[in-house]
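As provided, final_2.pdb (PDB, C-alpha atoms) reads as follows.
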```pdb
MODEL        1
ATOM      1  CA  MET O   1       0.000   0.000   0.000
ATOM      2  CA  THR O   2       1.323   3.456  -0.910
ATOM      3  CA  ASP O   3       2.232   5.526   2.129
ATOM      4  CA  ILE O   4       0.055   8.655   2.259
ATOM      5  CA  SER O   5       0.901   9.621   5.818
ATOM      6  CA  SER O   6       1.405  13.262   6.628
ATOM      7  CA  GLY O   7       4.841  13.531   5.038
ATOM      8  CA  ARG O   8       6.226  15.288   8.082
ATOM      9  CA  ARG O   9       7.879  14.495  11.383
ATOM     10  CA  GLU O  10       8.726  16.109  14.667
ATOM     11  CA  VAL O  11      12.341  16.637  15.760
ATOM     12  CA  ASP O  12      13.104  18.047  19.215
ATOM     13  CA  GLY O  13       9.592  19.441  19.419
ATOM     14  CA  GLU O  14       9.802  21.172  16.013
ATOM     15  CA  GLU O  15       7.775  20.147  12.970
ATOM     16  CA  TYR O  16       9.589  19.355   9.737
ATOM     17  CA  TRP O  17       8.283  18.425   6.253
ATOM     18  CA  TYR O  18       9.956  15.891   3.989
ATOM     19  CA  GLY O  19      11.225  17.404   0.746
ATOM     20  CA  ALA O  20      11.268  15.553  -2.579
ATOM     21  CA  ASP O  21      14.899  14.555  -1.963
ATOM     22  CA  GLY O  22      14.129  13.192   1.508
ATOM     23  CA  SER O  23      15.545  16.201   3.331
ATOM     24  CA  LEU O  24      13.739  17.755   6.297
ATOM     25  CA  ILE O  25      12.319  21.249   5.736
ATOM     26  CA  PRO O  26      11.289  23.358   8.747
ATOM     27  CA  ALA O  27       7.489  23.697   8.703
ATOM     28  CA  ASP O  28       7.617  27.503   8.829
ATOM     29  CA  LEU O  29       9.522  27.500   5.505
ATOM     30  CA  VAL O  30       6.758  25.587   3.668
ATOM     31  CA  LYS O  31       4.652  28.043   1.657
ATOM     32  CA  PRO O  32       0.891  28.176   2.387
ATOM     33  CA  VAL O  33       0.061  27.240  -1.224
ATOM     34  CA  ASP O  34       2.323  24.169  -0.931
ATOM     35  CA  ARG O  35       0.535  23.197   2.274
ATOM     36  CA  LEU O  36      -2.840  23.455   0.547
ATOM     37  CA  GLN O  37      -1.651  21.441  -2.467
ATOM     38  CA  ASP O  38      -0.198  18.767  -0.196
ATOM     39  CA  GLU O  39      -3.529  18.508   1.641
ATOM     40  CA  LEU O  40      -5.435  18.311  -1.677
ATOM     41  CA  VAL O  41      -3.253  15.528  -3.050
ATOM     42  CA  ARG O  42      -3.323  13.445   0.133
ATOM     43  CA  ASN O  43      -7.103  13.846   0.347
ATOM     44  CA  ILE O  44      -7.686  12.702  -3.258
ATOM     45  CA  ILE O  45      -5.203   9.812  -3.122
ATOM     46  CA  GLY O  46      -6.543   8.777   0.276
ATOM     47  CA  LYS O  47      -9.962   8.313  -1.341
ATOM     48  CA  ALA O  48      -8.571   6.664  -4.474
ATOM     49  CA  LEU O  49      -6.602   3.843  -2.845
ATOM     50  CA  PRO O  50      -9.620   2.140  -1.177
ATOM     51  CA  ILE O  51     -11.559   2.432  -4.455
ATOM     52  CA  ARG O  52      -8.675   0.753  -6.293
ATOM     53  CA  ALA O  53      -8.780  -2.060  -3.766
ATOM     54  CA  MET O  54     -12.555  -2.399  -4.260
ATOM     55  CA  ILE O  55     -12.140  -2.591  -8.051
ATOM     56  CA  ALA O  56      -9.433  -5.261  -7.680
ATOM     57  CA  ALA O  57     -11.719  -7.278  -5.400
ATOM     58  CA  PHE O  58     -14.612  -6.837  -7.839
ATOM     59  CA  ARG O  59     -12.472  -8.009 -10.771
ATOM     60  CA  GLN O  60     -11.468 -11.128  -8.870
ATOM     61  CA  ALA O  61     -15.114 -11.753  -7.931
ATOM     62  CA  CYS O  62     -16.032 -11.599 -11.637
ATOM     63  CA  PHE O  63     -13.437 -14.260 -12.436
ATOM     64  CA  ASP O  64     -14.525 -16.439  -9.519
ATOM     65  CA  GLU O  65     -18.229 -16.279 -10.383
ATOM     66  CA  ALA O  66     -17.562 -16.919 -14.073
ATOM     67  CA  ASP O  67     -15.368 -19.906 -13.177
ATOM     68  CA  ASP O  68     -18.084 -21.254 -10.853
ATOM     69  CA  PHE O  69     -20.642 -21.007 -13.653
ATOM     70  CA  VAL O  70     -18.342 -22.788 -16.121
ATOM     71  CA  ALA O  71     -17.647 -25.465 -13.501
ATOM     72  CA  LEU O  72     -21.421 -25.995 -13.177
ATOM     73  CA  LEU O  73     -21.724 -26.418 -16.952
ATOM     74  CA  GLU O  74     -18.820 -28.855 -16.947
ATOM     75  CA  GLN O  75     -20.549 -30.858 -14.239
ATOM     76  CA  ASN O  76     -23.809 -30.908 -16.195
ATOM     77  CA  TYR O  77     -22.094 -32.093 -19.365
ATOM     78  CA  ASN O  78     -19.545 -34.313 -17.612
ATOM     79  CA  SER O  79     -16.711 -32.454 -19.303
ATOM     80  CA  LYS O  80     -13.631 -30.604 -18.114
ATOM     81  CA  ARG O  81     -12.269 -27.530 -19.849
ATOM     82  CA  GLY O  82      -8.483 -27.484 -20.108
ATOM     83  CA  GLY O  83      -6.271 -24.509 -19.446
ATOM     84  CA  SER O  84      -7.266 -21.091 -18.147
ATOM     85  CA  LYS O  85     -10.956 -20.254 -18.358
ATOM     86  CA  GLY O  86     -10.884 -17.311 -20.738
ATOM     87  CA  ASN O  87     -12.342 -15.997 -23.989
ATOM     88  CA  LEU O  88     -15.880 -16.517 -22.718
ATOM     89  CA  THR O  89     -18.982 -14.330 -23.129
ATOM     90  CA  PHE O  90     -21.903 -14.280 -20.703
ATOM     91  CA  THR O  91     -25.148 -12.564 -21.764
ATOM     92  CA  SER O  92     -28.326 -11.678 -19.898
ATOM     93  CA  TYR O  93     -31.554 -13.357 -21.022
ATOM     94  CA  ASP O  94     -32.836 -10.156 -22.662
ATOM     95  CA  ALA O  95     -29.477  -9.711 -24.482
ATOM     96  CA  LEU O  96     -29.037  -6.195 -23.103
ATOM     97  CA  LEU O  97     -26.158  -6.936 -20.729
ATOM     98  CA  LYS O  98     -23.020  -8.978 -21.154
ATOM     99  CA  PHE O  99     -19.553  -9.431 -19.795
ATOM    100  CA  GLU O 100     -16.539 -11.120 -21.309
ATOM    101  CA  VAL O 101     -13.631 -12.926 -19.719
ATOM    102  CA  SER O 102     -10.611 -13.016 -21.994
ATOM    103  CA  VAL O 103      -7.019 -14.153 -21.709
ATOM    104  CA  GLY O 104      -4.223 -12.000 -23.078
ATOM    105  CA  GLU O 105      -0.802 -13.530 -23.586
ATOM    106  CA  ASN O 106       2.460 -11.721 -22.937
ATOM    107  CA  ILE O 107       4.500 -12.569 -26.022
ATOM    108  CA  SER O 108       8.133 -11.762 -26.730
ATOM    109  CA  TYR O 109      10.167 -12.505 -29.848
ATOM    110  CA  GLY O 110      13.461 -14.301 -30.196
ATOM    111  CA  PRO O 111      16.320 -13.782 -32.710
ATOM    112  CA  GLU O 112      14.411 -15.733 -35.366
ATOM    113  CA  LEU O 113      12.424 -12.538 -35.957
ATOM    114  CA  GLN O 114      15.483 -10.800 -37.402
ATOM    115  CA  VAL O 115      16.073 -13.783 -39.689
ATOM    116  CA  ALA O 116      12.479 -13.455 -40.880
ATOM    117  CA  LYS O 117      12.940  -9.750 -41.593
ATOM    118  CA  THR O 118      16.093 -10.433 -43.621
ATOM    119  CA  ILE O 119      14.253 -12.977 -45.781
ATOM    120  CA  VAL O 120      11.239 -10.683 -46.222
ATOM    121  CA  ASP O 121      13.504  -7.796 -47.256
ATOM    122  CA  GLU O 122      15.176 -10.037 -49.837
ATOM    123  CA  CYS O 123      11.787 -10.994 -51.238
ATOM    124  CA  LEU O 124      10.638  -7.370 -51.457
ATOM    125  CA  ARG O 125      13.818  -6.301 -53.235
ATOM    126  CA  GLU O 126      13.335  -9.034 -55.803
ATOM    127  CA  TRP O 127       9.639  -8.251 -56.175
ATOM    128  CA  SER O 128      10.207  -4.486 -56.237
ATOM    129  CA  GLN O 129       8.264  -4.038 -59.449
ATOM    130  CA  ASN O 130       5.410  -6.332 -58.483
ATOM    131  CA  SER O 131       5.033  -5.689 -54.744
ATOM    132  CA  GLY O 132       2.701  -2.777 -54.173
ATOM    133  CA  PRO O 133       3.047  -0.126 -51.446
ATOM    134  CA  GLU O 134       0.340  -1.882 -49.435
ATOM    135  CA  ILE O 135       2.536  -4.939 -48.796
ATOM    136  CA  ARG O 136       5.527  -2.746 -47.959
ATOM    137  CA  ALA O 137       3.411  -0.774 -45.466
ATOM    138  CA  ILE O 138       2.255  -3.989 -43.789
ATOM    139  CA  VAL O 139       5.845  -5.234 -43.589
ATOM    140  CA  ASN O 140       7.116  -1.960 -42.139
ATOM    141  CA  ARG O 141       4.411  -1.932 -39.463
ATOM    142  CA  ALA O 142       5.088  -5.564 -38.607
ATOM    143  CA  PHE O 143       8.785  -5.112 -37.893
ATOM    144  CA  ASP O 144       8.608  -1.650 -36.319
ATOM    145  CA  VAL O 145       9.024  -1.369 -32.549
ATOM    146  CA  ASP O 146       7.471   1.241 -30.288
ATOM    147  CA  GLN O 147       9.218   3.505 -27.785
ATOM    148  CA  GLN O 148       9.267   0.642 -25.256
ATOM    149  CA  ASN O 149      11.022  -1.558 -27.853
ATOM    150  CA  ARG O 150       7.918  -3.731 -28.212
ATOM    151  CA  VAL O 151       7.026  -5.491 -31.457
ATOM    152  CA  ASN O 152       3.596  -4.908 -32.995
ATOM    153  CA  HIS O 153       2.083  -8.357 -32.464
ATOM    154  CA  GLY O 154      -1.122  -7.591 -34.363
ATOM    155  CA  ALA O 155       0.809  -6.352 -37.390
ATOM    156  CA  LEU O 156       2.899  -9.539 -37.427
ATOM    157  CA  LEU O 157      -0.277 -11.632 -37.392
ATOM    158  CA  ASN O 158      -1.596  -9.615 -40.344
ATOM    159  CA  LEU O 159       1.667 -10.240 -42.166
ATOM    160  CA  MET O 160       1.356 -13.987 -41.660
ATOM    161  CA  ARG O 161      -2.183 -13.915 -43.075
ATOM    162  CA  LEU O 162      -0.963 -12.711 -46.474
ATOM    163  CA  ASN O 163      -1.485 -15.377 -49.138
ATOM    164  CA  ILE O 164       2.021 -15.505 -50.643
ATOM    165  CA  GLU O 165       3.187 -18.906 -51.867
ATOM    166  CA  ASP O 166       6.873 -18.137 -52.375
ATOM    167  CA  GLU O 167       8.907 -20.738 -50.480
ATOM    168  CA  ARG O 168      11.225 -18.095 -48.998
ATOM    169  CA  TRP O 169       8.251 -16.104 -47.749
ATOM    170  CA  GLN O 170       6.817 -19.224 -46.131
ATOM    171  CA  LYS O 171      10.162 -19.835 -44.390
ATOM    172  CA  ALA O 172      10.106 -16.261 -43.114
ATOM    173  CA  MET O 173       6.603 -16.737 -41.729
ATOM    174  CA  GLN O 174       7.709 -19.944 -40.024
ATOM    175  CA  ALA O 175      10.662 -18.073 -38.533
ATOM    176  CA  ILE O 176       8.211 -15.530 -37.088
ATOM    177  CA  ARG O 177       6.159 -18.339 -35.533
ATOM    178  CA  ASP O 178       9.306 -19.937 -34.120
ATOM    179  CA  SER O 179      10.401 -16.596 -32.652
ATOM    180  CA  MET O 180       7.296 -16.249 -30.481
ATOM    181  CA  ARG O 181       7.809 -16.846 -26.771
ATOM    182  CA  VAL O 182       4.800 -16.858 -24.439
ATOM    183  CA  LEU O 183       6.077 -15.397 -21.164
ATOM    184  CA  GLY O 184       2.750 -15.525 -19.359
ATOM    185  CA  SER O 185      -0.894 -14.628 -19.578
ATOM    186  CA  LYS O 186      -3.360 -12.323 -17.860
ATOM    187  CA  ARG O 187      -7.134 -12.483 -17.589
ATOM    188  CA  TYR O 188      -9.352  -9.507 -18.375
ATOM    189  CA  VAL O 189     -13.017  -8.787 -17.757
ATOM    190  CA  ARG O 190     -15.016  -6.366 -19.908
ATOM    191  CA  MET O 191     -18.666  -5.361 -19.417
ATOM    192  CA  TYR O 192     -21.210  -3.962 -21.869
ATOM    193  CA  HIS O 193     -24.821  -2.772 -22.017
ATOM    194  CA  ARG O 194     -27.269  -1.522 -24.643
ATOM    195  CA  PRO O 195     -30.825  -0.077 -24.617
ATOM    196  CA  ASN O 196     -32.297  -2.705 -26.953
ATOM    197  CA  ALA O 197     -31.293  -5.884 -28.760
ATOM    198  CA  LYS O 198     -30.648  -4.054 -32.052
ATOM    199  CA  ALA O 199     -28.421  -1.343 -30.584
ATOM    200  CA  ARG O 200     -24.646  -1.438 -30.469
ATOM    201  CA  TRP O 201     -22.919  -2.479 -27.283
ATOM    202  CA  THR O 202     -21.524   0.260 -25.048
ATOM    203  CA  ALA O 203     -18.619  -0.581 -22.771
ATOM    204  CA  ILE O 204     -19.057  -0.048 -19.033
ATOM    205  CA  SER O 205     -15.764   1.598 -18.159
ATOM    206  CA  LEU O 206     -14.272   1.622 -14.666
ATOM    207  CA  ASP O 207     -11.290   3.626 -15.902
ATOM    208  CA  LEU O 208     -11.286   7.150 -14.438
ATOM    209  CA  ALA O 209      -9.475   8.472 -17.493
ATOM    210  CA  SER O 210     -12.280   7.391 -19.848
ATOM    211  CA  SER O 211     -15.402   7.367 -17.660
TER
ENDMDL
END
```

In structure tokens, write the structure found in this file.
Amino acid sequence: MTDISSGRREVDGEEYWYGADGSLIPADLVKPVDRLQDELVRNIIGKALPIRAMIAAFRQACFDEADDFVALLEQNYNSKRGGSKGNLTFTSYDALLKFEVSVGENISYGPELQVAKTIVDECLREWSQNSGPEIRAIVNRAFDVDQQNRVNHGALLNLMRLNIEDERWQKAMQAIRDSMRVLGSKRYVRMYHRPNAKARWTAISLDLASS
């Protein structure tokens, strides 16, 4: 739990405030506006932390109740689902409410990815007159990395969906598959509602930034 205590201490009967560098600042040197801002921040964060804990408990309750329901179905059909219980959709009887439990995998890529890029570049150079800008754009997106040095997984999947029969291209696609390393997975829950069965679903967001 983040410490939101007063941020001050008493030394020899005198009050001091902790500065950003951990130093002790005599209380009478702290400006009134800084005192007010400190009080504002501690008040807001003090309210936010219990809410975060409630949301975490609610998320876990969603997983537990969904798992209990799936376990009941498995019992009814005398079947056992393997692996993590994810990628499931639960809908109300009137089809106006639903929530989804999905599993997202944390995927990294090994050195085979660079081999794949080398082969793809060779193919594009040879096909320079026949490969349109669309394919080049897809390739560039697939092998680009973001500011956190992460590969665009979705773009790589789109690249592998291209129907190109060239044997070298197929080897490159296999190299991409071989480069994938699943480091772990995480479950997500998403909730939706709509006013009637013909309307589009609207997400029920618990994110303060988008609510």

Report task. Decode the PyMOL selection byres ((chain O and resi 159) around 9) for the given file into explicit residues and return them as a ChimeraX atom specification. Result -> /O:135,138-139,142,154-158,160-162,173

If you keep C-alpha atoms, can you produce a file of those selected residues as a CSV table (one decimal), in the coordinates of the input?
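Listed below is the output, selection_12.csv:
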```csv
chain,number,residue,atom,x,y,z
O,135,ILE,CA,2.5,-4.9,-48.8
O,138,ILE,CA,2.3,-4.0,-43.8
O,139,VAL,CA,5.8,-5.2,-43.6
O,142,ALA,CA,5.1,-5.6,-38.6
O,154,GLY,CA,-1.1,-7.6,-34.4
O,155,ALA,CA,0.8,-6.4,-37.4
O,156,LEU,CA,2.9,-9.5,-37.4
O,157,LEU,CA,-0.3,-11.6,-37.4
O,158,ASN,CA,-1.6,-9.6,-40.3
O,160,MET,CA,1.4,-14.0,-41.7
O,161,ARG,CA,-2.2,-13.9,-43.1
O,162,LEU,CA,-1.0,-12.7,-46.5
O,173,MET,CA,6.6,-16.7,-41.7
```

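Here CA of Gly110 in chain O stands at a distance of 13.5 Å from CA of Ala172 in chain O.
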
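Closest approach to Arg194 in chain O among O:Glu65, O:Ala95, O:Ile44, O:Val30 is made by O:Ala95 (distances from all atoms listed in the file).
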
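Residue nearest Thr89 in chain O, chosen from O:Gln174, O:Gln60, O:Ser102, O:Ser23 and counting only C-alpha atoms: O:Ser102.
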
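For the choices O:Ala53, O:Val41, O:Val115, O:Val189, the atom-to-atom distance to Glu100 in chain O is smallest for O:Val189 when using all atoms listed in the file.
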
Query raised in the report: Nearest to Gly46 in chain O: which of O:Pro111, O:Thr202, O:Tyr16, O:Ser6 is it, counting all atoms listed in the file?
Result: O:Ser6

**Report entry** Exercise: Leu24 in chain O partners within 12 Å, all atoms listed in the file, chain neighbours under 3 positions left out, as an NGL selection string
**Finding:** :O and (7-11 or 14-21 or 27-30)

Please produce a file of those selected residues containing C-alpha atoms, as a CSV table (one decimal), in the coordinates of the input.
```
chain,number,residue,atom,x,y,z
O,7,GLY,CA,4.8,13.5,5.0
O,8,ARG,CA,6.2,15.3,8.1
O,9,ARG,CA,7.9,14.5,11.4
O,10,GLU,CA,8.7,16.1,14.7
O,11,VAL,CA,12.3,16.6,15.8
O,14,GLU,CA,9.8,21.2,16.0
O,15,GLU,CA,7.8,20.1,13.0
O,16,TYR,CA,9.6,19.4,9.7
O,17,TRP,CA,8.3,18.4,6.3
O,18,TYR,CA,10.0,15.9,4.0
O,19,GLY,CA,11.2,17.4,0.7
O,20,ALA,CA,11.3,15.6,-2.6
O,21,ASP,CA,14.9,14.6,-2.0
O,27,ALA,CA,7.5,23.7,8.7
O,28,ASP,CA,7.6,27.5,8.8
O,29,LEU,CA,9.5,27.5,5.5
O,30,VAL,CA,6.8,25.6,3.7
```

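Between Leu183 in chain O and the residues O:Leu206, O:Ile107, O:Val120, O:Leu36, the shortest atom-to-atom distance, using all atoms listed in the file, involves O:Ile107.
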
Report task. Any chance you could resolve the PyMOL selection byres ((chain O and resi 99) around 12) against this file and give the residues as a count of residues only? Result -> 30

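Distance-wise, CA of Ser185 in chain O and CA of Leu208 in chain O end up 24.7 Å apart.
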
Query raised in the report: Closest to Glu126 in chain O among O:Leu73, O:Arg168, O:Ile55, O:Ile25, using all atoms listed in the file?
Result: O:Arg168

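Our summary of the geometry notes that CA of Val70 in chain O is positioned 28.6 Å from CA of Ile51 in chain O.
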
Residue members of the PyMOL selection byres ((chain O and resi 105) around 9) in the file shown, as a short mmCIF file (atom, residue, chain, number, x, y, z; two decimals) with C-alpha atoms, keeping the file's coordinate frame:
```cif
data_model
loop_
_atom_site.label_atom_id
_atom_site.label_comp_id
_atom_site.auth_asym_id
_atom_site.auth_seq_id
_atom_site.Cartn_x
_atom_site.Cartn_y
_atom_site.Cartn_z
CA VAL O 103 -7.02 -14.15 -21.71
CA GLY O 104 -4.22 -12.00 -23.08
CA ASN O 106 2.46 -11.72 -22.94
CA ILE O 107 4.50 -12.57 -26.02
CA VAL O 182 4.80 -16.86 -24.44
CA LEU O 183 6.08 -15.40 -21.16
CA GLY O 184 2.75 -15.52 -19.36
CA SER O 185 -0.89 -14.63 -19.58
CA LYS O 186 -3.36 -12.32 -17.86
CA ARG O 187 -7.13 -12.48 -17.59
#
```
